[in-house]
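*Asks:* File follows, target01.txt with compact mmCIF, C-alpha atoms and all ligand atoms:
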```
# COMPACT_ATOMS: atom_id res chain seq x y z
CA MET A 25 51.61 79.49 61.39
CA PRO A 26 53.96 79.82 58.45
CA ASP A 27 53.68 76.58 56.49
CA LYS A 28 57.35 76.91 55.40
CA ALA A 29 60.05 79.47 55.91
CA GLY A 30 58.84 82.59 54.15
CA HIS A 31 55.25 81.69 53.36
CA VAL A 32 52.16 82.62 55.32
CA ASP A 33 48.64 82.10 53.99
CA ILE A 34 46.32 84.93 55.04
CA ASP A 35 42.72 85.64 54.09
CA LEU A 36 43.61 87.87 51.14
CA GLU A 37 40.04 88.88 50.46
CA ARG A 38 39.39 90.03 54.03
CA SER A 39 42.72 91.89 54.13
CA ALA A 40 41.97 93.63 50.82
CA GLU A 41 38.58 94.72 52.16
CA ARG A 42 40.06 96.15 55.34
CA ILE A 43 42.89 97.88 53.47
CA ASP A 44 40.41 99.45 51.06
CA HIS A 45 38.16 100.51 53.93
CA ASP A 46 41.03 102.26 55.74
CA VAL A 47 42.37 103.98 52.61
CA GLN A 48 38.93 105.20 51.54
CA SER A 49 38.04 106.32 55.10
CA LEU A 50 41.12 108.54 55.12
CA THR A 51 39.90 110.45 52.07
CA GLY A 52 37.11 112.03 54.14
CA SER A 53 37.03 115.78 54.68
CA ASP A 54 38.35 115.39 58.26
CA TYR A 55 41.61 114.07 56.80
CA THR A 56 42.45 116.47 53.98
CA LEU A 57 42.76 120.25 53.63
CA SER A 58 41.60 120.05 50.03
CA ALA A 59 38.45 118.72 48.43
CA GLU A 60 40.27 118.31 45.10
CA ALA A 61 43.26 116.26 46.33
CA ILE A 62 44.54 114.53 49.44
CA ARG A 63 46.45 117.27 51.25
CA ARG A 64 47.63 116.71 54.82
CA TYR A 65 50.85 117.57 56.50
CA ALA A 66 52.46 118.01 59.89
CA TYR A 67 50.72 119.81 62.72
CA ARG A 68 47.53 120.55 60.79
CA PRO A 69 44.20 119.30 62.24
CA GLU A 70 43.66 116.99 59.26
CA TYR A 71 47.00 115.31 59.92
CA ARG A 72 46.21 115.07 63.63
CA ALA A 73 42.91 113.38 62.73
CA THR A 74 44.78 110.89 60.55
CA LEU A 75 47.16 109.99 63.38
CA ASP A 76 44.15 109.65 65.70
CA TYR A 77 42.56 107.24 63.23
CA PHE A 78 45.64 105.03 63.33
CA THR A 79 46.02 105.43 67.10
CA HIS A 80 42.54 104.06 67.61
CA ALA A 81 43.08 101.19 65.19
CA TRP A 82 46.35 100.04 66.76
CA GLN A 83 45.07 100.47 70.31
CA GLU A 84 42.14 98.22 69.39
CA LEU A 85 44.78 95.60 68.51
CA GLY A 86 46.34 96.00 71.94
CA PHE A 87 49.39 97.92 70.69
CA THR A 88 50.98 100.70 72.74
CA VAL A 89 50.91 103.92 70.74
CA SER A 90 53.23 106.90 71.22
CA GLU A 91 54.67 109.84 69.31
CA ASP A 92 58.27 110.92 69.50
CA PRO A 93 59.35 114.49 70.43
CA VAL A 94 58.55 115.89 66.96
CA GLY A 95 55.55 113.71 66.06
CA ASN A 96 56.77 110.53 64.41
CA PHE A 97 54.05 107.96 65.22
CA VAL A 98 54.96 104.61 66.85
CA ALA A 99 52.82 101.57 67.72
CA ARG A 100 54.34 98.41 69.19
CA ASN A 101 53.23 95.10 70.75
CA ARG A 102 56.27 94.49 72.93
CA PRO A 103 57.65 96.43 75.92
CA PRO A 104 60.46 98.92 75.23
CA GLY A 105 63.83 97.22 74.93
CA GLU A 106 62.51 94.00 73.40
CA PRO A 107 63.39 93.34 69.74
CA VAL A 108 60.61 94.09 67.27
CA PHE A 109 60.34 94.07 63.49
CA GLY A 110 59.48 97.42 61.92
CA VAL A 111 56.76 98.09 59.36
CA GLY A 112 55.32 101.39 58.21
CA SER A 113 55.63 104.39 55.91
CA HIS A 114 54.14 107.91 56.08
CA CYS A 115 50.56 109.20 56.17
CA ASP A 116 51.17 112.82 55.25
CA SER A 117 50.58 113.59 51.58
CA ASN A 118 51.89 115.60 48.68
CA ARG A 119 50.11 118.97 48.40
CA ASN A 120 48.39 117.64 45.32
CA GLY A 121 48.35 114.12 46.68
CA GLY A 122 46.56 110.89 46.04
CA ARG A 123 45.03 108.56 48.61
CA TRP A 124 47.61 105.77 48.23
CA ASP A 125 51.09 107.35 48.38
CA GLY A 126 52.39 106.70 51.90
CA THR A 127 49.03 106.12 53.51
CA LEU A 128 48.79 102.68 51.87
CA GLY A 129 52.07 101.73 53.57
CA VAL A 130 50.78 102.69 57.01
CA VAL A 131 47.46 100.94 56.36
CA CYS A 132 49.33 97.81 55.24
CA ALA A 133 51.50 97.98 58.36
CA LEU A 134 48.25 97.95 60.31
CA GLU A 135 47.05 94.98 58.27
CA VAL A 136 50.34 93.13 58.94
CA CYS A 137 49.67 93.62 62.66
CA ARG A 138 46.05 92.50 62.32
CA ALA A 139 46.87 89.43 60.22
CA SER A 140 49.77 88.46 62.49
CA ALA A 141 47.37 88.42 65.46
CA GLU A 142 44.52 86.71 63.56
CA HIS A 143 46.74 83.95 62.22
CA GLY A 144 48.38 83.34 65.57
CA LEU A 145 51.82 84.39 64.37
CA ASP A 146 52.31 86.62 67.43
CA LEU A 147 55.16 88.44 65.68
CA PRO A 148 57.01 91.14 67.65
CA LEU A 149 56.11 94.24 65.67
CA GLN A 150 56.55 98.00 65.73
CA ALA A 151 54.81 100.26 63.25
CA ILE A 152 56.12 103.74 62.43
CA SER A 153 54.45 106.51 60.46
CA PHE A 154 57.10 109.14 59.78
CA LEU A 155 56.37 112.85 59.94
CA GLU A 156 56.63 115.04 56.83
CA GLU A 157 57.87 112.50 54.25
CA GLU A 158 56.49 114.64 51.43
CA GLY A 159 57.78 117.98 52.65
CA SER A 160 54.33 119.48 52.09
CA GLY A 161 54.45 121.41 55.34
CA PHE A 162 58.04 122.66 55.38
CA GLY A 163 59.48 122.01 51.91
CA GLN A 164 61.82 119.34 53.27
CA MET A 165 61.24 115.76 52.07
CA VAL A 166 61.64 112.83 54.51
CA LEU A 167 62.03 115.35 57.34
CA GLY A 168 60.72 113.10 60.13
CA SER A 169 62.97 110.18 59.23
CA ARG A 170 65.95 112.50 58.68
CA ILE A 171 65.43 113.77 62.23
CA VAL A 172 65.37 110.15 63.45
CA ALA A 173 68.55 109.44 61.45
CA GLY A 174 70.23 112.60 62.76
CA ARG A 175 70.49 113.94 59.18
CA VAL A 176 69.48 117.44 60.20
CA SER A 177 71.06 120.06 62.48
CA GLU A 178 69.42 121.86 65.36
CA GLN A 179 70.07 125.13 63.57
CA GLU A 180 68.07 123.91 60.58
CA LEU A 181 65.19 122.88 62.83
CA ARG A 182 65.28 126.11 64.84
CA GLU A 183 65.99 128.66 62.10
CA GLN A 184 66.37 127.41 58.54
CA ILE A 185 63.38 125.14 57.91
CA HIS A 186 60.22 127.22 57.53
CA ALA A 187 56.57 126.44 57.02
CA ILE A 188 55.42 126.93 53.44
CA ASP A 189 52.14 128.39 54.68
CA ASP A 190 53.42 131.13 56.97
CA GLY A 191 57.21 131.16 56.81
CA ARG A 192 57.61 130.48 60.52
CA PRO A 193 60.25 128.01 61.76
CA PHE A 194 59.62 124.28 62.08
CA TRP A 195 60.63 124.61 65.76
CA GLU A 196 57.78 127.01 66.54
CA HIS A 197 55.20 124.91 64.74
CA ALA A 198 56.31 121.74 66.53
CA GLN A 199 56.04 123.50 69.92
CA GLU A 200 52.63 124.94 69.12
CA ALA A 201 51.44 121.45 68.17
CA GLY A 202 52.45 120.26 71.65
CA TYR A 203 55.72 118.51 70.76
CA GLU A 204 59.18 119.09 72.24
CA PRO A 205 61.59 119.82 69.38
CA ALA A 206 64.39 120.52 71.90
CA ARG A 207 64.41 116.74 72.48
CA TRP A 208 64.74 116.00 68.73
CA ARG A 209 67.92 113.93 69.25
CA GLU A 210 65.84 111.42 71.27
CA CYS A 211 63.84 110.62 68.12
CA ALA A 212 66.70 108.30 67.12
CA HIS A 213 65.51 105.87 69.79
CA ILE A 214 62.44 104.80 67.84
CA LEU A 215 64.79 102.61 65.77
CA ASP A 216 66.66 101.14 68.78
CA ASP A 217 64.70 97.88 69.07
CA LEU A 218 64.19 97.22 65.36
CA SER A 219 65.63 93.93 64.06
CA GLY A 220 64.51 94.85 60.54
CA TRP A 221 62.21 97.16 58.60
CA ILE A 222 59.92 96.72 55.57
CA GLU A 223 57.92 99.52 53.93
CA LEU A 224 55.16 98.82 51.42
CA HIS A 225 54.55 101.59 48.89
CA ILE A 226 52.96 102.16 45.50
CA GLU A 227 55.63 102.10 42.80
CA GLN A 228 54.82 105.61 41.52
CA GLY A 229 56.12 104.48 38.13
CA ARG A 230 54.64 101.99 35.66
CA VAL A 231 57.17 99.17 35.43
CA LEU A 232 54.98 96.74 37.39
CA GLN A 233 51.82 97.63 35.47
CA ASP A 234 53.47 97.55 32.03
CA THR A 235 55.17 94.23 32.74
CA GLY A 236 52.04 92.65 34.25
CA ARG A 237 53.44 92.16 37.73
CA ARG A 238 51.64 92.56 41.06
CA LEU A 239 54.69 92.95 43.27
CA GLY A 240 58.10 94.62 43.25
CA VAL A 241 60.92 93.92 45.69
CA VAL A 242 63.13 96.98 46.01
CA SER A 243 66.88 96.33 45.94
CA ALA A 244 68.02 99.97 46.15
CA ILE A 245 66.57 103.48 46.40
CA ALA A 246 67.88 106.27 44.19
CA GLY A 247 69.63 109.11 45.98
CA TYR A 248 68.66 112.73 45.42
CA VAL A 249 69.65 116.34 45.78
CA HIS A 250 67.04 119.03 46.36
CA GLY A 251 68.15 122.62 45.89
CA ASP A 252 67.25 126.04 44.50
CA ILE A 253 68.83 128.42 42.03
CA ARG A 254 68.01 132.08 42.64
CA ILE A 255 68.65 134.55 39.82
CA THR A 256 68.71 138.28 40.47
CA GLY A 257 68.19 140.75 37.62
CA ARG A 258 66.22 144.01 37.42
CA ALA A 259 62.44 144.36 37.41
CA ASP A 260 62.41 147.08 34.73
CA HIS A 261 59.40 148.19 32.76
CA ALA A 262 58.47 145.53 30.18
CA GLY A 263 57.70 148.14 27.53
CA ALA A 264 60.06 151.00 28.06
CA THR A 265 63.28 148.98 28.46
CA PRO A 266 65.14 148.22 25.17
CA MET A 267 66.10 144.57 24.75
CA ASP A 268 69.83 145.19 25.08
CA MET A 269 69.35 147.07 28.36
CA ARG A 270 67.56 144.33 30.23
CA ALA A 271 68.61 142.10 33.14
CA ASP A 272 65.90 139.49 32.72
CA SER A 273 66.19 136.75 35.38
CA GLY A 274 63.34 134.80 33.78
CA VAL A 275 65.32 134.15 30.60
CA VAL A 276 68.29 132.84 32.59
CA ALA A 277 65.92 130.51 34.44
CA ALA A 278 64.51 129.24 31.15
CA GLU A 279 68.00 128.51 29.76
CA THR A 280 68.88 126.71 33.01
CA ILE A 281 65.76 124.53 32.93
CA ILE A 282 66.62 123.38 29.41
CA GLU A 283 70.26 122.77 30.40
CA LEU A 284 69.23 120.70 33.41
CA GLU A 285 67.34 118.31 31.17
CA ARG A 286 70.37 118.02 28.85
CA LEU A 287 72.75 117.36 31.76
CA ALA A 288 70.49 114.72 33.32
CA ARG A 289 70.17 112.87 30.03
CA ALA A 290 73.91 113.13 29.38
CA ALA A 291 74.73 111.80 32.87
CA GLY A 292 73.01 108.51 32.03
CA SER A 293 72.96 105.62 34.58
CA GLY A 294 69.34 106.38 35.43
CA THR A 295 69.97 109.99 36.44
CA VAL A 296 66.90 112.22 36.27
CA GLY A 297 66.34 115.92 36.88
CA THR A 298 63.54 118.43 36.79
CA VAL A 299 62.49 121.90 37.87
CA GLY A 300 59.15 121.56 39.66
CA GLU A 301 58.86 125.02 41.19
CA ILE A 302 59.30 128.38 39.42
CA GLU A 303 58.81 131.60 41.37
CA ILE A 304 59.07 134.98 39.59
CA ALA A 305 59.04 138.37 41.27
CA PRO A 306 57.33 140.72 40.89
CA GLY A 307 55.37 138.28 38.73
CA LEU A 308 53.53 140.90 36.65
CA ILE A 309 52.77 140.77 32.96
CA ASN A 310 54.30 144.19 32.36
CA ALA A 311 57.42 143.90 34.55
CA ILE A 312 60.65 142.16 33.56
CA PRO A 313 61.36 139.31 36.05
CA GLY A 314 63.60 140.92 38.66
CA ARG A 315 64.10 137.75 40.66
CA THR A 316 63.45 134.15 39.66
CA ARG A 317 63.79 131.05 41.81
CA ILE A 318 63.76 127.54 40.34
CA SER A 319 63.83 124.35 42.38
CA LEU A 320 66.14 121.44 41.44
CA ASP A 321 65.21 117.80 41.95
CA VAL A 322 68.07 115.59 40.70
CA ARG A 323 68.09 111.86 41.48
CA GLY A 324 69.71 108.62 40.49
CA PRO A 325 71.24 105.36 41.69
CA GLU A 326 74.76 106.76 41.18
CA ASP A 327 75.50 109.54 43.68
CA GLU A 328 78.49 110.75 41.68
CA ALA A 329 76.38 111.30 38.57
CA VAL A 330 73.71 113.15 40.59
CA HIS A 331 76.20 115.47 42.27
CA GLY A 332 77.95 115.99 38.92
CA VAL A 333 74.72 117.31 37.43
CA ILE A 334 74.23 119.65 40.39
CA ARG A 335 77.80 120.94 40.08
CA ASP A 336 77.43 121.51 36.31
CA ILE A 337 74.02 123.19 36.47
CA GLU A 338 75.26 125.60 39.16
CA ARG A 339 78.19 126.60 36.93
CA PHE A 340 75.94 126.88 33.90
CA ALA A 341 73.47 129.14 35.71
CA GLN A 342 76.23 131.41 36.97
CA ARG A 343 77.70 131.78 33.45
CA ALA A 344 74.30 132.29 31.82
CA ALA A 345 73.41 134.87 34.48
CA ALA A 346 76.63 136.82 33.99
CA GLU A 347 76.06 136.96 30.21
CA ARG A 348 72.74 138.70 30.86
CA GLY A 349 73.87 141.13 33.51
CA THR A 350 72.25 139.12 36.29
CA LYS A 351 73.57 136.98 39.15
CA ALA A 352 72.74 133.35 40.00
CA SER A 353 73.31 131.50 43.28
CA TYR A 354 72.70 127.88 44.19
CA SER A 355 71.64 126.65 47.63
CA GLN A 356 71.15 123.02 48.61
CA ARG A 357 67.95 122.16 50.55
CA GLN A 358 69.00 118.64 51.35
CA THR A 359 70.42 115.46 49.98
CA VAL A 360 70.09 111.76 50.78
CA PRO A 361 72.52 109.28 49.19
CA ALA A 362 71.49 106.32 47.05
CA THR A 363 70.64 103.53 49.49
CA PRO A 364 71.04 99.78 48.93
CA MET A 365 68.50 97.54 50.66
CA ASP A 366 69.53 94.74 53.02
CA GLU A 367 70.40 91.67 50.93
CA ARG A 368 69.06 89.11 53.45
CA LEU A 369 65.77 90.95 53.70
CA VAL A 370 65.51 91.33 49.92
CA ALA A 371 66.12 87.58 49.58
CA ALA A 372 63.47 86.83 52.23
CA LEU A 373 60.95 89.01 50.38
CA GLU A 374 61.84 87.38 47.05
CA ALA A 375 61.37 83.93 48.62
CA ALA A 376 58.02 84.94 50.11
CA ALA A 377 56.95 86.50 46.80
CA SER A 378 57.95 83.33 44.93
CA ALA A 379 56.05 81.23 47.47
CA SER A 380 52.94 83.31 46.77
CA GLY A 381 53.03 82.12 43.17
CA GLU A 382 52.52 85.66 41.95
CA SER A 383 54.75 87.37 39.39
CA PHE A 384 57.18 89.88 40.85
CA THR A 385 60.35 91.68 39.93
CA THR A 386 63.30 93.08 41.87
CA MET A 387 63.82 96.73 41.06
CA ILE A 388 65.29 100.10 42.00
CA SER A 389 63.08 102.82 43.47
CA GLY A 390 63.36 106.16 41.68
CA ALA A 391 61.19 107.75 44.35
CA ALA A 392 62.58 108.62 47.76
CA HIS A 393 61.27 106.95 50.89
CA ASP A 394 61.73 107.09 54.66
CA THR A 395 63.33 103.66 54.32
CA MET A 396 66.47 105.47 53.08
CA CYS A 397 66.92 106.94 56.55
CA VAL A 398 65.96 103.78 58.42
CA ALA A 399 68.45 101.72 56.35
CA GLU A 400 71.40 103.57 57.88
CA ARG A 401 70.84 101.74 61.16
CA VAL A 402 68.44 98.86 60.52
CA PRO A 403 68.36 96.12 57.84
CA ALA A 404 65.67 97.53 55.56
CA ALA A 405 63.80 96.72 52.36
CA MET A 406 60.64 97.70 50.50
CA VAL A 407 57.76 96.10 48.67
CA PHE A 408 56.11 97.87 45.75
CA VAL A 409 52.62 97.38 44.41
CA PRO A 410 51.46 98.80 41.06
CA CYS A 411 49.63 102.10 40.72
CA ARG A 412 47.52 102.84 37.66
CA ASP A 413 49.65 104.15 34.78
CA GLY A 414 52.33 105.12 37.30
CA LEU A 415 50.28 108.16 38.33
CA SER A 416 51.25 109.59 41.71
CA HIS A 417 51.38 112.99 43.41
CA THR A 418 47.99 113.56 41.82
CA PRO A 419 44.41 112.88 42.99
CA GLU A 420 44.12 110.48 40.03
CA GLU A 421 46.51 108.11 41.81
CA ASP A 422 44.94 104.65 42.04
CA ALA A 423 45.97 101.18 43.22
CA ASN A 424 44.35 97.80 43.87
CA PRO A 425 43.86 96.77 47.50
CA ALA A 426 44.11 93.12 46.41
CA ASP A 427 47.73 93.77 45.35
CA ALA A 428 48.36 95.42 48.72
CA ALA A 429 46.90 92.41 50.55
CA LEU A 430 49.28 90.21 48.59
CA GLY A 431 52.07 92.55 49.67
CA VAL A 432 51.00 92.12 53.29
CA GLN A 433 51.14 88.33 52.90
CA VAL A 434 54.66 88.55 51.44
CA ILE A 435 55.81 90.87 54.23
CA LEU A 436 54.44 88.48 56.86
CA GLY A 437 56.22 85.61 55.12
CA ALA A 438 59.52 87.47 55.11
CA ILE A 439 59.22 88.58 58.74
CA SER A 440 58.24 85.06 59.80
CA ALA A 441 61.37 83.75 58.11
CA MET A 442 63.51 86.37 59.83
CA VAL A 443 62.28 86.43 63.42
CA GLU A 444 61.33 83.95 66.12
CA PRO A 445 57.63 84.45 67.02
CA GLY A 446 56.53 84.99 70.58
O1 LIG B 501 59.26 112.65 45.91
C1 LIG B 501 59.42 111.56 46.41
O2 LIG B 501 60.32 110.83 46.06
C2 LIG B 501 58.49 111.07 47.48
O3 LIG B 501 57.31 110.64 46.86
N1 LIG B 501 58.19 112.08 48.43
MN MN B 502 55.53 108.26 49.62
MN MN B 503 55.26 110.97 47.55
```
Could you express the structure from this file as C-alpha cells?
*Replies:*
Amino acid sequence: MPDKAGHVDIDLERSAERIDHDVQSLTGSDYTLSAEAIRRYAYRPEYRATLDYFTHAWQELGFTVSEDPVGNFVARNRPPGEPVFGVGSHCDSNRNGGRWDGTLGVVCALEVCRASAEHGLDLPLQAISFLEEEGSGFGQMVLGSRIVAGRVSEQELREQIHAIDDGRPFWEHAQEAGYEPARWRECAHILDDLSGWIELHIEQGRVLQDTGRRLGVVSAIAGYVHGDIRITGRADHAGATPMDMRADSGVVAAETIIELERLARAAGSGTVGTVGEIEIAPGLINAIPGRTRISLDVRGPEDEAVHGVIRDIERFAQRAAAERGTKASYSQRQTVPATPMDERLVAALEAAASASGESFTTMISGAAHDTMCVAERVPAAMVFVPCRDGLSHTPEEDANPADAALGVQVILGAISAMVEPG
C-alpha cells in the first residue's frame, strides 16, 4: 500500500528486469519489418504480432483486452462504465525506429498493472496502445489518437489518407485488417471511463542526460504543423537547356529549406522547423527537377509562432517559385495545438518523484505524443526518462530500464494519490 500520498515502494530491480525483457523481446524478427531498425506499423503482420504479445501479457494479469473499430488497443481491469485510470503510449515505430520510442511506454503501462497487482494496490486501470502514432503506415502522426479525439474527418479516412507503401486509402487497409472504419466515431468511447491519463516516454532529447536527471515531468507538449510544399517547374534536359531558360523546381526547394531554418530561428520561443522529406521527379542526374516536394515539420510551445512560420514559408515559396518560372503550392497534412498538461496530475507526479528521492525536472516536450489528443478530454500528463545522447528515431536509440522502473514507481505513486483503490 502507498506509505504516504504519492509514494509507492515497488521492487525496482524486478520491474527493470521485466521491462527490459519485454522491450528486448519486441525487437525479434516477428515484430519488425526491418533487420536494421525497428519498423512496425498499422495492419502489418509484425504490428499484429506486437499487439498479440501485449494481449497475452495483459490477459495473464486478468485484464479484459479489446481493440476499437480501427485498432487502438485497450486492456482494463474493471467492467465498462466503471472509472479507471489510463496508462499507455504507442507500440508502432518510426520507419527507422528504435526499440524504446513508444514501446517503452506500453511496456511500462504493463509494468504499472503488474506492480499494482503484486503490491496489492488493486488500482482501477485501463491501458491503451494507440494506433499509428508515428505515421509510418499512412504518413499521419498520432492518427489513432486523433481518431479517438475526433480530430479527423470521415473524408480523410475514406479518401485522403493513403498508405505510404501502396497508396491505397486508410479505410481499405483498416477493412482488410478486419476492423470496421465505418464505426470510427465510436473510438471516442475508449476515453469515456478515464479519470486521468499518464504516458511514460523516452525524452528523445538530451536535457535529462546532460543535466544528470533520471526523470522528467512534462508540463506541456509543443504543438506542430505537418505539411508539404509542392513546386512545379519543367523537367528539361540538364545539358541542352541554357541556365536562363530553366524552370528548376529543385533550386526553389533548396531556397525554401534555407528560409525555413531562418524563419524558425527568427520566431524564437522554442519554435523549430525542418524539412525531413525531399522528393524530386523525375529524379534523374541528367534531367532538371520538374517537380519537387518538400515536407514541413514546424513545432513549438507557442501556436501563433508556429503558424506564423508556416504562413511566411508558404509566401516565400510562392515568391521564390514565381521568380524562377515555377509554381509552388502548400498543403497542410495535419496540425495539433500546443497542449498543457493537467496541473493536479503534474503536481502529483512531482510529489511522487520527490518522494522517490531521485533528481527530476519539469519540462516541455518538443516531441508530439498521443497524450496531446487524450488531454482534450481527460486530465493528462507524461513522465520522461532519459535516452542516450537524445538519440531517437534511429536504431541507435537506447535507454535504461532502471530509469523506466523508477518511472513506473512514480506513476503508481501519482495514481495512488489521485484515485481510491478497489
Ligand atoms: O515526431 C514525433 O514527435 C513523434 O516521435 N512521433
Ligand atoms: Mn513516440
Ligand atoms: Mn517517435
*Asks:* Kindly indicate which residue among A:Gly220, A:Gly112, A:Gly247, A:Gly86 lies nearest to ligand MN 502 (chain B), using all atoms listed in the file for the distances.
*Replies:*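 The answer is A:Gly112, which sits nearest to ligand MN 502 (chain B).
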*Asks:* Tell me, as JSON, numbers by chain, which residues lie within 12 Å of Tyr55 (chain A), counting all atoms listed in the file; anything in the same chain fewer than 2 positions away does not count.
*Replies:* {"A": [46, 47, 48, 49, 50, 51, 52, 53, 57, 58, 59, 61, 62, 63, 64, 65, 66, 68, 69, 70, 71, 72, 73, 74, 75, 76, 77, 78, 115, 116, 117, 123, 127]}
*Asks:* Mind checking which residues fall within 9 Å of Cys411 (chain A), counting all atoms listed in the file, ignoring those fewer than 2 positions away in the same chain, and posting them as a PDB file with C-alpha atoms, in the coordinates of the input?
*Replies:*
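To be explicit, this is the file written out as result_28.pdb:
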```pdb
ATOM      1  CA  TRP A 124      47.610 105.770  48.230  1.00  0.00           C
ATOM      2  CA  ILE A 226      52.960 102.160  45.500  1.00  0.00           C
ATOM      3  CA  GLU A 227      55.630 102.100  42.800  1.00  0.00           C
ATOM      4  CA  GLN A 228      54.820 105.610  41.520  1.00  0.00           C
ATOM      5  CA  GLY A 229      56.120 104.480  38.130  1.00  0.00           C
ATOM      6  CA  ARG A 230      54.640 101.990  35.660  1.00  0.00           C
ATOM      7  CA  LEU A 232      54.980  96.740  37.390  1.00  0.00           C
ATOM      8  CA  GLN A 233      51.820  97.630  35.470  1.00  0.00           C
ATOM      9  CA  VAL A 409      52.620  97.380  44.410  1.00  0.00           C
ATOM     10  CA  ASP A 413      49.650 104.150  34.780  1.00  0.00           C
ATOM     11  CA  GLY A 414      52.330 105.120  37.300  1.00  0.00           C
ATOM     12  CA  LEU A 415      50.280 108.160  38.330  1.00  0.00           C
ATOM     13  CA  SER A 416      51.250 109.590  41.710  1.00  0.00           C
ATOM     14  CA  GLU A 421      46.510 108.110  41.810  1.00  0.00           C
ATOM     15  CA  ASP A 422      44.940 104.650  42.040  1.00  0.00           C
ATOM     16  CA  ALA A 423      45.970 101.180  43.220  1.00  0.00           C
ATOM     17  CA  ASN A 424      44.350  97.800  43.870  1.00  0.00           C
TER      18      ASN A 424
END
```
*Asks:* Could you check which of A:Tyr354, A:Phe154, A:Trp221, A:Tyr203 is closest to ligand LIG 501 (chain B), using only C-alpha atoms and all ligand atoms?
*Replies:*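 Under the stated criterion, the closest residue is A:Phe154.
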*Asks:* Quick one: everything within 7 Å of region 195-202 of chain A, counting all atoms listed in the file, minus sequence neighbours fewer than 3 positions away in the same chain. Send it as a list in words.
*Replies:* Tyr67, Val94, Leu181, Arg182, Arg192 and Pro205 of chain A
*Asks:* Tell me which of A:Thr386, A:Ser153, A:Asn101, A:Ser319 sits closest to ligand MN 502 (chain B), counting all atoms listed in the file.
*Replies:*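 Checking each candidate against ligand MN 502 (chain B), we get A:Ser153 as the closest.
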*Asks:* Let me make sure I understand: among A:Glu283, A:Asp216, A:Asp394, A:Asp327, which one has the smallest atom-to-atom distance to ligand LIG 501 (chain B) if we use all atoms listed in the file?
*Replies:* A:Asp394
*Asks:* Excluding region 261-274 of chain A and its own-chain neighbours fewer than 4 positions away, which residues fall within 8 Å of it when counting only C-alpha atoms? Please give them as a ChimeraX atom specification.
*Replies:* /A:255-257,278,304,309-316,345,348-350
*Asks:* What residues have any atom no more than 7 Å from ligand MN 502 (chain B) when counting only C-alpha atoms and all ligand atoms, and can you list them as a list in words?
*Replies:*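 Based on only C-alpha atoms and all ligand atoms, ligand MN 502 (chain B) is surrounded within 7 Å by His114, Asp125, Gly126, Glu157, Glu158, His225 and His393 of chain A.
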